[in-house]
>>> print(open('input_31.csv').read())   # CSV, C-alpha atoms and all ligand atoms
chain,number,residue,atom,x,y,z
A,1,MET,CA,13.9,-8.0,13.0
A,2,THR,CA,14.2,-4.2,13.4
A,3,GLU,CA,11.7,-2.6,15.8
A,4,PRO,CA,8.7,-1.3,13.9
A,5,LEU,CA,8.5,2.4,13.3
A,6,LEU,CA,4.7,2.2,13.1
A,7,HIS,CA,2.7,-0.7,14.2
A,8,ALA,CA,-1.1,-1.1,13.7
A,9,GLN,CA,-2.8,-3.9,15.4
A,10,GLY,CA,-6.5,-4.9,14.8
A,11,LEU,CA,-7.1,-1.4,13.4
A,12,GLY,CA,-10.7,-1.1,12.2
A,13,ARG,CA,-13.3,1.6,11.4
A,14,VAL,CA,-17.1,1.3,11.2
A,15,TYR,CA,-19.2,4.2,10.2
A,16,THR,CA,-22.8,4.6,11.3
A,17,ASN,CA,-24.8,6.1,8.5
A,18,PRO,CA,-27.7,8.5,9.3
A,19,ARG,CA,-31.1,6.6,9.4
A,20,GLU,CA,-33.3,7.1,6.4
A,21,SER,CA,-36.5,7.1,8.4
A,22,LEU,CA,-37.4,7.3,12.1
A,23,PHE,CA,-38.4,3.6,12.1
A,24,GLN,CA,-35.3,2.3,10.4
A,25,ARG,CA,-32.2,1.2,12.2
A,26,PRO,CA,-29.1,3.3,11.2
A,27,SER,CA,-27.0,1.2,8.8
A,28,ARG,CA,-23.3,0.6,9.2
A,29,THR,CA,-20.4,0.7,6.8
A,30,VAL,CA,-17.3,-1.3,7.6
A,31,ALA,CA,-14.7,1.0,6.0
A,32,LEU,CA,-11.9,-1.1,7.5
A,33,HIS,CA,-12.0,-4.6,9.0
A,34,PRO,CA,-9.6,-5.1,11.9
A,35,SER,CA,-6.2,-5.0,10.2
A,36,ASP,CA,-2.5,-5.3,11.1
A,37,LEU,CA,0.3,-3.3,9.5
A,38,VAL,CA,3.9,-2.8,10.4
A,39,ILE,CA,6.2,-0.1,8.8
A,40,ALA,CA,9.9,-0.5,9.5
A,41,PRO,CA,12.2,2.6,9.8
A,42,GLY,CA,13.1,3.9,6.4
A,43,GLU,CA,10.8,1.5,4.6
A,44,ALA,CA,8.5,2.6,1.7
A,45,VAL,CA,5.1,0.8,1.6
A,46,GLY,CA,2.6,1.3,-1.2
A,47,ILE,CA,-1.2,0.8,-0.6
A,48,ILE,CA,-3.2,-0.1,-3.7
A,49,GLY,CA,-6.8,-1.1,-4.2
A,50,GLU,CA,-9.9,0.0,-6.1
A,51,SER,CA,-11.9,3.1,-5.1
A,52,GLY,CA,-13.7,2.6,-1.8
A,53,SER,CA,-11.5,-0.3,-0.6
A,54,GLY,CA,-10.5,1.6,2.5
A,55,LYS,CA,-7.1,3.0,1.7
A,56,SER,CA,-7.8,6.5,2.9
A,57,THR,CA,-9.5,5.2,6.0
A,58,LEU,CA,-6.4,3.2,6.8
A,59,VAL,CA,-4.0,6.1,6.4
A,60,ARG,CA,-6.2,8.5,8.4
A,61,LEU,CA,-6.2,6.0,11.2
A,62,LEU,CA,-2.5,5.4,11.0
A,63,LEU,CA,-2.0,9.2,11.3
A,64,ALA,CA,-4.5,9.5,14.2
A,65,LEU,CA,-6.6,11.9,12.0
A,66,ASP,CA,-9.6,9.6,12.8
A,67,THR,CA,-10.6,7.5,15.8
A,68,PRO,CA,-10.6,3.7,15.2
A,69,SER,CA,-13.6,1.6,16.2
A,70,SER,CA,-11.1,-1.1,17.2
A,71,GLY,CA,-7.4,-1.7,17.5
A,72,SER,CA,-4.4,0.5,18.2
A,73,VAL,CA,-1.5,2.3,16.6
A,74,ALA,CA,2.0,2.6,18.1
A,75,PHE,CA,4.9,4.7,16.9
A,76,ASP,CA,8.3,3.6,18.1
A,77,GLY,CA,6.5,1.4,20.6
A,78,ARG,CA,4.6,4.4,22.0
A,79,PRO,CA,0.8,4.3,21.8
A,80,VAL,CA,-0.9,6.9,19.6
A,81,SER,CA,-4.3,7.9,20.7
A,82,ALA,CA,-6.5,9.8,18.2
A,83,THR,CA,-8.7,10.9,21.0
A,84,ALA,CA,-5.9,12.6,22.9
A,85,SER,CA,-5.7,16.4,22.9
A,86,ALA,CA,-3.9,18.1,20.0
A,87,ARG,CA,-1.1,19.1,22.3
A,88,SER,CA,-0.5,15.7,23.7
A,89,LEU,CA,-0.1,14.4,20.1
A,90,HIS,CA,2.6,16.9,19.3
A,91,TRP,CA,5.3,14.3,19.7
A,92,PHE,CA,3.6,12.1,17.1
A,93,ARG,CA,3.0,15.0,14.7
A,94,ARG,CA,6.7,15.9,14.9
A,95,GLN,CA,7.5,12.4,13.6
A,96,THR,CA,5.0,12.4,10.8
A,97,GLY,CA,4.2,14.4,7.7
A,98,VAL,CA,1.3,14.1,5.2
A,99,VAL,CA,0.7,15.1,1.6
A,100,PHE,CA,-2.8,14.8,0.0
A,101,GLN,CA,-3.9,14.6,-3.6
A,102,ASP,CA,-4.9,18.1,-4.4
A,103,PRO,CA,-2.1,20.7,-4.5
A,104,TYR,CA,-4.7,23.4,-5.2
A,105,ALA,CA,-7.0,22.8,-2.2
A,106,SER,CA,-4.3,22.1,0.4
A,107,LEU,CA,-2.5,25.4,0.3
A,108,ASP,CA,-4.2,28.5,1.8
A,109,PRO,CA,-4.2,31.1,-1.1
A,110,ARG,CA,-4.0,34.1,1.4
A,111,MET,CA,-0.8,32.9,3.0
A,112,SER,CA,2.7,33.4,1.6
A,113,VAL,CA,4.6,30.1,0.8
A,114,GLY,CA,7.0,30.9,3.6
A,115,ARG,CA,4.2,31.1,6.2
A,116,ILE,CA,2.5,27.9,4.8
A,117,VAL,CA,5.7,25.9,5.0
A,118,ALA,CA,6.6,27.3,8.4
A,119,GLU,CA,3.2,26.5,9.9
A,120,PRO,CA,4.2,23.0,11.3
A,121,LEU,CA,7.2,24.5,13.0
A,122,SER,CA,5.2,27.0,14.9
A,123,ALA,CA,2.2,24.8,15.5
A,124,LEU,CA,4.4,22.0,16.9
A,125,GLY,CA,6.5,24.5,19.0
A,126,ILE,CA,9.8,23.6,17.2
A,127,GLU,CA,12.6,25.9,18.2
A,128,GLY,CA,15.3,27.5,16.0
A,129,ASP,CA,15.4,29.8,13.0
A,130,HIS,CA,12.2,29.0,11.1
A,131,ARG,CA,13.1,31.3,8.2
A,132,SER,CA,16.3,29.4,7.5
A,133,LYS,CA,14.6,26.0,8.0
A,134,VAL,CA,11.9,27.0,5.4
A,135,ARG,CA,14.5,28.2,2.9
A,136,ALA,CA,16.5,25.0,3.3
A,137,VAL,CA,13.5,22.8,2.8
A,138,LEU,CA,12.4,24.8,-0.3
A,139,ARG,CA,15.8,24.2,-1.8
A,140,LEU,CA,15.6,20.5,-0.9
A,141,VAL,CA,12.4,20.1,-2.9
A,142,GLY,CA,13.9,22.0,-5.9
A,143,LEU,CA,12.3,25.4,-5.4
A,144,GLU,CA,14.2,28.8,-5.3
A,145,ALA,CA,14.5,30.1,-1.7
A,146,ASP,CA,12.7,33.3,-2.8
A,147,ALA,CA,9.6,31.2,-3.4
A,148,ALA,CA,9.0,31.8,0.4
A,149,ASP,CA,7.9,35.4,-0.4
A,150,ARG,CA,5.4,34.5,-3.1
A,151,PHE,CA,1.8,33.1,-3.0
A,152,PRO,CA,0.4,29.7,-4.1
A,153,HIS,CA,-1.4,31.0,-7.2
A,154,GLU,CA,2.0,32.0,-8.7
A,155,PHE,CA,3.0,28.4,-9.0
A,156,SER,CA,2.1,25.5,-11.3
A,157,GLY,CA,0.4,22.3,-10.0
A,158,GLY,CA,3.8,20.4,-9.8
A,159,GLN,CA,5.4,23.3,-7.9
A,160,ARG,CA,2.5,23.5,-5.5
A,161,GLN,CA,3.0,19.8,-4.8
A,162,ARG,CA,6.6,20.6,-4.0
A,163,ILE,CA,5.4,23.3,-1.6
A,164,ALA,CA,3.0,20.8,0.0
A,165,LEU,CA,5.9,18.3,0.3
A,166,SER,CA,8.2,20.9,1.9
A,167,ARG,CA,5.5,21.7,4.5
A,168,ALA,CA,5.2,17.9,5.2
A,169,ILE,CA,8.9,17.5,5.8
A,170,VAL,CA,10.0,20.9,7.2
A,171,HIS,CA,10.0,19.5,10.7
A,172,ARG,CA,12.1,16.5,9.6
A,173,PRO,CA,9.6,13.7,10.3
A,174,ARG,CA,10.6,10.0,10.2
A,175,LEU,CA,7.4,9.0,8.4
A,176,LEU,CA,5.9,10.6,5.3
A,177,VAL,CA,2.4,9.6,4.3
A,178,GLY,CA,1.0,10.4,0.8
A,179,ASP,CA,-2.6,9.9,-0.1
A,180,GLU,CA,-2.5,9.9,-3.9
A,181,PRO,CA,0.0,12.8,-3.9
A,182,LEU,CA,0.8,12.3,-7.6
A,183,SER,CA,-2.6,11.6,-9.2
A,184,ALA,CA,-3.6,15.3,-9.9
A,185,LEU,CA,-0.3,15.9,-11.8
A,186,ASP,CA,0.4,15.3,-15.4
A,187,VAL,CA,2.7,12.4,-16.4
A,188,THR,CA,5.9,14.4,-16.7
A,189,VAL,CA,5.5,16.3,-13.5
A,190,ARG,CA,4.4,13.1,-11.8
A,191,ALA,CA,7.7,11.5,-12.8
A,192,GLN,CA,9.6,14.5,-11.4
A,193,ILE,CA,7.8,14.4,-8.1
A,194,LEU,CA,8.3,10.7,-7.9
A,195,GLU,CA,12.1,11.2,-8.4
A,196,LEU,CA,12.0,13.8,-5.7
A,197,LEU,CA,10.3,11.5,-3.3
A,198,GLY,CA,12.9,8.8,-3.9
A,199,GLY,CA,15.7,11.3,-3.4
A,200,LEU,CA,14.1,12.6,-0.1
A,201,ARG,CA,13.8,9.1,1.1
A,202,GLN,CA,17.5,8.5,0.5
A,203,GLU,CA,18.6,11.8,1.9
A,204,LEU,CA,16.4,12.0,5.0
A,205,GLY,CA,16.0,8.3,5.7
A,206,LEU,CA,12.3,8.8,5.6
A,207,ALA,CA,9.8,5.9,5.8
A,208,ILE,CA,7.0,6.4,3.3
A,209,VAL,CA,3.5,5.1,3.1
A,210,LEU,CA,2.0,5.9,-0.3
A,211,VAL,CA,-1.5,5.4,-1.4
A,212,SER,CA,-1.6,5.2,-5.2
A,213,HIS,CA,-3.9,3.8,-7.9
A,214,ASP,CA,-0.8,3.9,-10.1
A,215,ILE,CA,1.1,0.6,-9.9
A,216,GLY,CA,4.1,2.1,-11.7
A,217,VAL,CA,4.5,4.7,-8.9
A,218,VAL,CA,4.4,1.9,-6.3
A,219,GLN,CA,6.8,-0.2,-8.3
A,220,HIS,CA,9.2,2.7,-8.7
A,221,LEU,CA,9.3,3.9,-5.1
A,222,CYS,CA,8.2,1.2,-2.7
A,223,ASP,CA,9.8,-1.9,-1.1
A,224,ARG,CA,6.5,-3.5,-0.1
A,225,VAL,CA,2.9,-3.3,-1.3
A,226,VAL,CA,-0.3,-3.8,0.6
A,227,VAL,CA,-3.4,-4.7,-1.5
A,228,MET,CA,-6.8,-3.7,-0.2
A,229,ARG,CA,-10.3,-4.8,-1.1
A,230,ASP,CA,-13.6,-4.1,0.6
A,231,GLY,CA,-12.0,-2.7,3.7
A,232,ALA,CA,-9.5,-5.5,4.2
A,233,ILE,CA,-5.9,-6.2,3.4
A,234,VAL,CA,-6.0,-9.2,1.0
A,235,GLU,CA,-2.3,-9.5,0.2
A,236,GLU,CA,1.0,-7.9,1.2
A,237,GLY,CA,4.6,-8.5,0.4
A,238,PRO,CA,7.7,-7.3,-1.5
A,239,VAL,CA,6.7,-5.2,-4.5
A,240,ALA,CA,8.7,-7.4,-7.0
A,241,LYS,CA,7.0,-10.5,-5.8
A,242,VAL,CA,3.4,-9.3,-5.4
A,243,LEU,CA,3.4,-7.5,-8.8
A,244,SER,CA,5.0,-10.4,-10.7
A,245,ARG,CA,3.5,-13.4,-8.9
A,246,PRO,CA,0.4,-12.2,-7.0
A,247,SER,CA,-1.0,-14.9,-4.7
A,248,HIS,CA,-4.5,-13.5,-4.4
A,249,PRO,CA,-6.9,-13.5,-7.5
A,250,TYR,CA,-8.0,-10.0,-6.7
A,251,THR,CA,-4.5,-8.7,-7.0
A,252,THR,CA,-4.2,-10.4,-10.5
A,253,GLN,CA,-7.5,-8.7,-11.5
A,254,LEU,CA,-6.4,-5.3,-10.1
A,255,LEU,CA,-3.0,-5.5,-11.9
A,256,ALA,CA,-4.8,-6.1,-15.2
A,257,SER,CA,-7.1,-3.2,-14.8
A,258,VAL,CA,-5.1,-0.3,-13.4
A,259,PRO,CA,-2.9,2.2,-15.3
A,260,ARG,CA,0.9,2.0,-15.0
A,261,LEU,CA,3.2,5.0,-15.2
B,1,LIG,N1,-17.2,9.7,6.7
B,1,LIG,C1,-17.7,8.5,6.2
B,1,LIG,N2,-19.0,8.1,6.5
B,1,LIG,C2,-19.5,7.0,6.0
B,1,LIG,N3,-18.8,6.1,5.2
B,1,LIG,C3,-17.5,6.5,4.8
B,1,LIG,C4,-16.9,7.7,5.3
B,1,LIG,N4,-15.6,7.7,4.8
B,1,LIG,C5,-15.5,6.6,4.1
B,1,LIG,N5,-16.6,5.9,4.1
B,1,LIG,C6,-16.8,4.6,3.4
B,1,LIG,O1,-15.7,3.7,3.7
B,1,LIG,C7,-15.3,3.0,2.6
B,1,LIG,C8,-13.9,3.1,2.4
B,1,LIG,O2,-13.6,4.5,1.9
B,1,LIG,P1,-12.1,5.1,1.7
B,1,LIG,O3,-12.3,6.5,1.3
B,1,LIG,O4,-11.3,4.7,2.8
B,1,LIG,O5,-11.7,4.3,0.4
B,1,LIG,P2,-10.5,4.5,-0.6
B,1,LIG,O6,-10.0,3.2,-1.0
B,1,LIG,O7,-9.6,5.5,-0.1
B,1,LIG,O8,-11.2,5.1,-1.9
B,1,LIG,P3,-10.7,6.2,-3.0
B,1,LIG,O9,-9.6,5.5,-3.8
B,1,LIG,O10,-11.9,6.4,-3.8
B,1,LIG,O11,-10.3,7.4,-2.2
B,1,LIG,C9,-16.2,3.4,1.4
B,1,LIG,O12,-17.3,2.5,1.3
B,1,LIG,C10,-16.7,4.8,1.9
B,1,LIG,O13,-17.9,5.1,1.3
>>> encode(input="input_31.csv", output="structure tokens")
Amino acid sequence: MTEPLLHAQGLGRVYTNPRESLFQRPSRTVALHPSDLVIAPGEAVGIIGESGSGKSTLVRLLLALDTPSSGSVAFDGRPVSATASARSLHWFRRQTGVVFQDPYASLDPRMSVGRIVAEPLSALGIEGDHRSKVRAVLRLVGLEADAADRFPHEFSGGQRQRIALSRAIVHRPRLLVGDEPLSALDVTVRAQILELLGGLRQELGLAIVLVSHDIGVVQHLCDRVVVMRDGAIVEEGPVAKVLSRPSHPYTTQLLASVPRL
């Protein structure tokens, strides 16, 4: 078997909620029970499950954007510590990119697109000609190179998500993580961005972890699917198998209730 690109072992997260009165013990929410996950180089893995099942918690932990209550994450065999300083995580940030759901909230309206997309290059101390890297990545996601001189409000939702994607891949990461990156877009634009993700995957050899409530999206893009419920992974396997012959009753129920592209 190929060496994993990303390997999570026993990864868990418990939140302590504020106490409601002085005499009550603070309650705890188990957002993620200790879970294992392996992502191979170049593999695309979808994460599905109903709202509150722990999908975002899992991806935040995988990206060291949150500190686990238990377990560990390794990238290319090297431990990733969410409590390490920002600088000592640069090596990991260079290998990863992330796109979130809302293309309106995620782009600073005061910054030109060129500055937004170049941000990871300067923040991560990546050398070379940043302007030409930005222009190249804008072309790669299907935007005109002169988009760099314009501002986010001049673009539609779909174009903004292309901008967010270009920022996520400008430093040529090996893993792209998307937390519902298509769900704020209308159906036609969603299909275009989905095509784009598939193309980027081919062209850059990217591994992708994609959280989506849309089974059609996962079916289209992913090799493997992970099904979550109540903070636990209840089933995982090849997309074709899990979606056509699920082995867990929850997956069957989920497949019957969620929308498809
Ligand atoms: N900061 C927090 N403090 C307390 N509880 C939290 C916090 N973040 C998440 N949770 C809880 O952890 C559980 C999992 O949440 P999470 O956001 O990971 O689910 P999700 O599957 O991504 O949901 P959605 O599809 O709605 O985004 C939920 O019960 C949620 O209320």
>>> closest_atom_pairs(input="input_31.csv", of="stretch 162-207 of chain A", to="stretch 128-152 of chain A", cutoff="6 Å", atoms="all atoms listed in the file", output="CSV")
residue,atom,partner,partner_atom,distance
A:Arg162,CA,A:Val141,CA,5.9
A:Ser166,CA,A:Val137,CA,5.7
A:Val170,CA,A:Val137,CA,5.9
>>> atom_distance(input="input_31.csv", atom1="atom CA of A:Tyr15", atom2="atom O4 of ligand LIG 1 (chain B)")
10.8 Å
>>> closest_residue(input="input_31.csv", among="A:Pro181, A:Ala168, A:Arg115, A:Ile47", to="A:Ile215", atoms="only C-alpha atoms")
A:Ile47
>>> closest_atom_pairs(input="input_31.csv", of="chain A", to="ligand LIG 1 (chain B)", cutoff="6 Å", atoms="all atoms listed in the file", output="tab-separated table")
residue	atom	partner	partner_atom	distance
A:Tyr15	CA	B:LIG1	C2	5.1
A:Asn17	CA	B:LIG1	C2	5.9
A:Thr29	CA	B:LIG1	N3	5.9
A:Ala31	CA	B:LIG1	O1	3.7
A:Glu50	CA	B:LIG1	O9	6.0
A:Ser51	CA	B:LIG1	O10	3.5
A:Gly52	CA	B:LIG1	O5	3.4
A:Ser53	CA	B:LIG1	O6	3.8
A:Gly54	CA	B:LIG1	O4	3.2
A:Lys55	CA	B:LIG1	O7	4.0
A:Ser56	CA	B:LIG1	O7	3.6
A:Thr57	CA	B:LIG1	O4	3.7
>>> residues_around(input="input_31.csv", residues="A:Val218", least_positions_apart="6", cutoff="10 Å", atoms="only C-alpha atoms", output="PyMOL selection string")
chain A and resi 44-48+194+209-212+224-225+239+243+260-261
>>> closest_residue(input="input_31.csv", among="A:Ser247, A:Ala164, A:Val73, A:His33", to="A:Ala118", atoms="all atoms listed in the file")
A:Ala164
>>> closest_residue(input="input_31.csv", among="A:Val189, A:Ala240, A:Leu5, A:Leu61", to="A:Gln219", atoms="all atoms listed in the file")
A:Ala240
>>> closest_residue(input="input_31.csv", among="A:Leu58, A:Leu37, A:Leu11, A:Leu6", to="A:Asp76", atoms="all atoms listed in the file")
A:Leu6
>>> closest_residue(input="input_31.csv", among="A:Val14, A:Pro41, A:Pro109, A:Arg229", to="A:Asp66", atoms="all atoms listed in the file")
A:Val14
>>> atom_distance(input="input_31.csv", atom1="atom CA of A:Ile233", atom2="atom CA of A:Pro68")
16.1 Å
>>> atom_distance(input="input_31.csv", atom1="atom CA of A:Asp186", atom2="atom CA of A:Gly42")
27.7 Å
>>> closest_residue(input="input_31.csv", among="A:Arg167, A:Arg201, A:His7, A:Arg160", to="A:Leu182", atoms="only C-alpha atoms")
A:Arg160
>>> closest_atom_pairs(input="input_31.csv", of="stretch 53-117 of chain A", to="stretch 173-176 of chain A", cutoff="9 Å", atoms="only C-alpha atoms", output="tab-separated table")
residue	atom	partner	partner_atom	distance
A:Arg93	CA	A:Pro173	CA	8.0
A:Arg94	CA	A:Pro173	CA	5.9
A:Gln95	CA	A:Pro173	CA	4.1
A:Thr96	CA	A:Leu175	CA	4.8
A:Gly97	CA	A:Leu176	CA	4.8
A:Val98	CA	A:Leu176	CA	5.8
A:Val99	CA	A:Leu176	CA	7.8
>>> residues_near_point(input="input_31.csv", point="(0.6, 24.3, -0.2)", cutoff="7 Å", atoms="all atoms listed in the file", output="list in words")
Pro103, Ser106, Leu107, Asp108, Ile116, Pro152, Arg160, Gln161, Ile163 and Ala164 of chain A
>>> residues_around(input="input_31.csv", residues="A:Pro26", least_positions_apart="3", cutoff="8 Å", atoms="only C-alpha atoms", output="PyMOL selection string")
chain A and resi 16-20
>>> decode(input="input_31.csv", residues="stretch 214-239 of chain A", atoms="N, CA, C and O atoms", output="tab-separated table (two decimals), in the first residue's frame")
chain	number	residue	atom	x	y	z
A	214	ASP	N	-24.19	17.09	-0.57
A	214	ASP	CA	-24.72	16.70	-1.86
A	214	ASP	C	-24.02	15.43	-2.36
A	214	ASP	O	-22.86	15.43	-2.75
A	215	ILE	N	-24.75	14.32	-2.32
A	215	ILE	CA	-24.18	13.03	-2.66
A	215	ILE	C	-23.69	13.02	-4.11
A	215	ILE	O	-22.69	12.41	-4.45
A	216	GLY	N	-24.43	13.75	-4.99
A	216	GLY	CA	-24.05	13.80	-6.41
A	216	GLY	C	-22.65	14.36	-6.58
A	216	GLY	O	-21.87	13.88	-7.41
A	217	VAL	N	-22.32	15.37	-5.79
A	217	VAL	CA	-21.00	15.99	-5.85
A	217	VAL	C	-19.93	14.97	-5.47
A	217	VAL	O	-18.91	14.82	-6.14
A	218	VAL	N	-20.19	14.25	-4.40
A	218	VAL	CA	-19.23	13.24	-3.91
A	218	VAL	C	-19.09	12.12	-4.95
A	218	VAL	O	-17.98	11.68	-5.26
A	219	GLN	N	-20.21	11.72	-5.50
A	219	GLN	CA	-20.22	10.65	-6.50
A	219	GLN	C	-19.39	11.05	-7.72
A	219	GLN	O	-18.66	10.25	-8.28
A	220	HIS	N	-19.50	12.30	-8.10
A	220	HIS	CA	-18.84	12.81	-9.29
A	220	HIS	C	-17.33	12.91	-9.11
A	220	HIS	O	-16.55	12.62	-10.00
A	221	LEU	N	-16.92	13.38	-7.92
A	221	LEU	CA	-15.51	13.77	-7.74
A	221	LEU	C	-14.67	12.76	-6.97
A	221	LEU	O	-13.47	12.67	-7.17
A	222	CYS	N	-15.32	12.00	-6.06
A	222	CYS	CA	-14.52	11.28	-5.06
A	222	CYS	C	-14.34	9.80	-5.37
A	222	CYS	O	-15.17	9.17	-6.02
A	223	ASP	N	-13.22	9.24	-4.86
A	223	ASP	CA	-12.96	7.81	-4.98
A	223	ASP	C	-13.59	7.08	-3.79
A	223	ASP	O	-14.05	5.96	-3.89
A	224	ARG	N	-13.52	7.75	-2.64
A	224	ARG	CA	-13.92	7.09	-1.40
A	224	ARG	C	-14.85	8.03	-0.64
A	224	ARG	O	-14.76	9.25	-0.78
A	225	VAL	N	-15.73	7.46	0.17
A	225	VAL	CA	-16.63	8.29	0.96
A	225	VAL	C	-16.61	7.84	2.41
A	225	VAL	O	-16.47	6.65	2.71
A	226	VAL	N	-16.71	8.83	3.29
A	226	VAL	CA	-16.74	8.60	4.73
A	226	VAL	C	-18.10	9.10	5.22
A	226	VAL	O	-18.48	10.23	4.91
A	227	VAL	N	-18.82	8.26	5.93
A	227	VAL	CA	-20.15	8.65	6.41
A	227	VAL	C	-20.08	8.90	7.91
A	227	VAL	O	-19.61	8.05	8.67
A	228	MET	N	-20.54	10.09	8.32
A	228	MET	CA	-20.46	10.43	9.75
A	228	MET	C	-21.85	10.57	10.36
A	228	MET	O	-22.79	11.02	9.73
A	229	ARG	N	-21.91	10.17	11.63
A	229	ARG	CA	-23.14	10.35	12.38
A	229	ARG	C	-22.79	10.56	13.86
A	229	ARG	O	-21.98	9.80	14.41
A	230	ASP	N	-23.40	11.54	14.47
A	230	ASP	CA	-23.19	11.82	15.91
A	230	ASP	C	-21.72	11.80	16.31
A	230	ASP	O	-21.34	11.18	17.31
A	231	GLY	N	-20.88	12.43	15.51
A	231	GLY	CA	-19.47	12.55	15.88
A	231	GLY	C	-18.65	11.29	15.67
A	231	GLY	O	-17.57	11.16	16.26
A	232	ALA	N	-19.14	10.38	14.85
A	232	ALA	CA	-18.36	9.16	14.61
A	232	ALA	C	-18.44	8.78	13.12
A	232	ALA	O	-19.42	9.10	12.45
A	233	ILE	N	-17.39	8.11	12.66
A	233	ILE	CA	-17.43	7.57	11.29
A	233	ILE	C	-18.15	6.23	11.36
A	233	ILE	O	-17.69	5.31	12.03
A	234	VAL	N	-19.31	6.14	10.69
A	234	VAL	CA	-20.08	4.89	10.79
A	234	VAL	C	-19.80	3.96	9.62
A	234	VAL	O	-20.05	2.76	9.70
A	235	GLU	N	-19.32	4.54	8.51
A	235	GLU	CA	-19.04	3.69	7.36
A	235	GLU	C	-18.06	4.42	6.45
A	235	GLU	O	-18.10	5.65	6.35
A	236	GLU	N	-17.19	3.68	5.81
A	236	GLU	CA	-16.37	4.28	4.76
A	236	GLU	C	-15.99	3.22	3.74
A	236	GLU	O	-15.95	2.03	4.06
A	237	GLY	N	-15.76	3.66	2.51
A	237	GLY	CA	-15.41	2.71	1.46
A	237	GLY	C	-15.45	3.40	0.11
A	237	GLY	O	-15.71	4.60	0.02
A	238	PRO	N	-15.20	2.62	-0.96
A	238	PRO	CA	-15.27	3.19	-2.31
A	238	PRO	C	-16.66	3.78	-2.56
A	238	PRO	O	-17.67	3.18	-2.17
A	239	VAL	N	-16.68	4.95	-3.24
A	239	VAL	CA	-17.96	5.65	-3.47
A	239	VAL	C	-18.99	4.73	-4.10
A	239	VAL	O	-20.13	4.63	-3.63
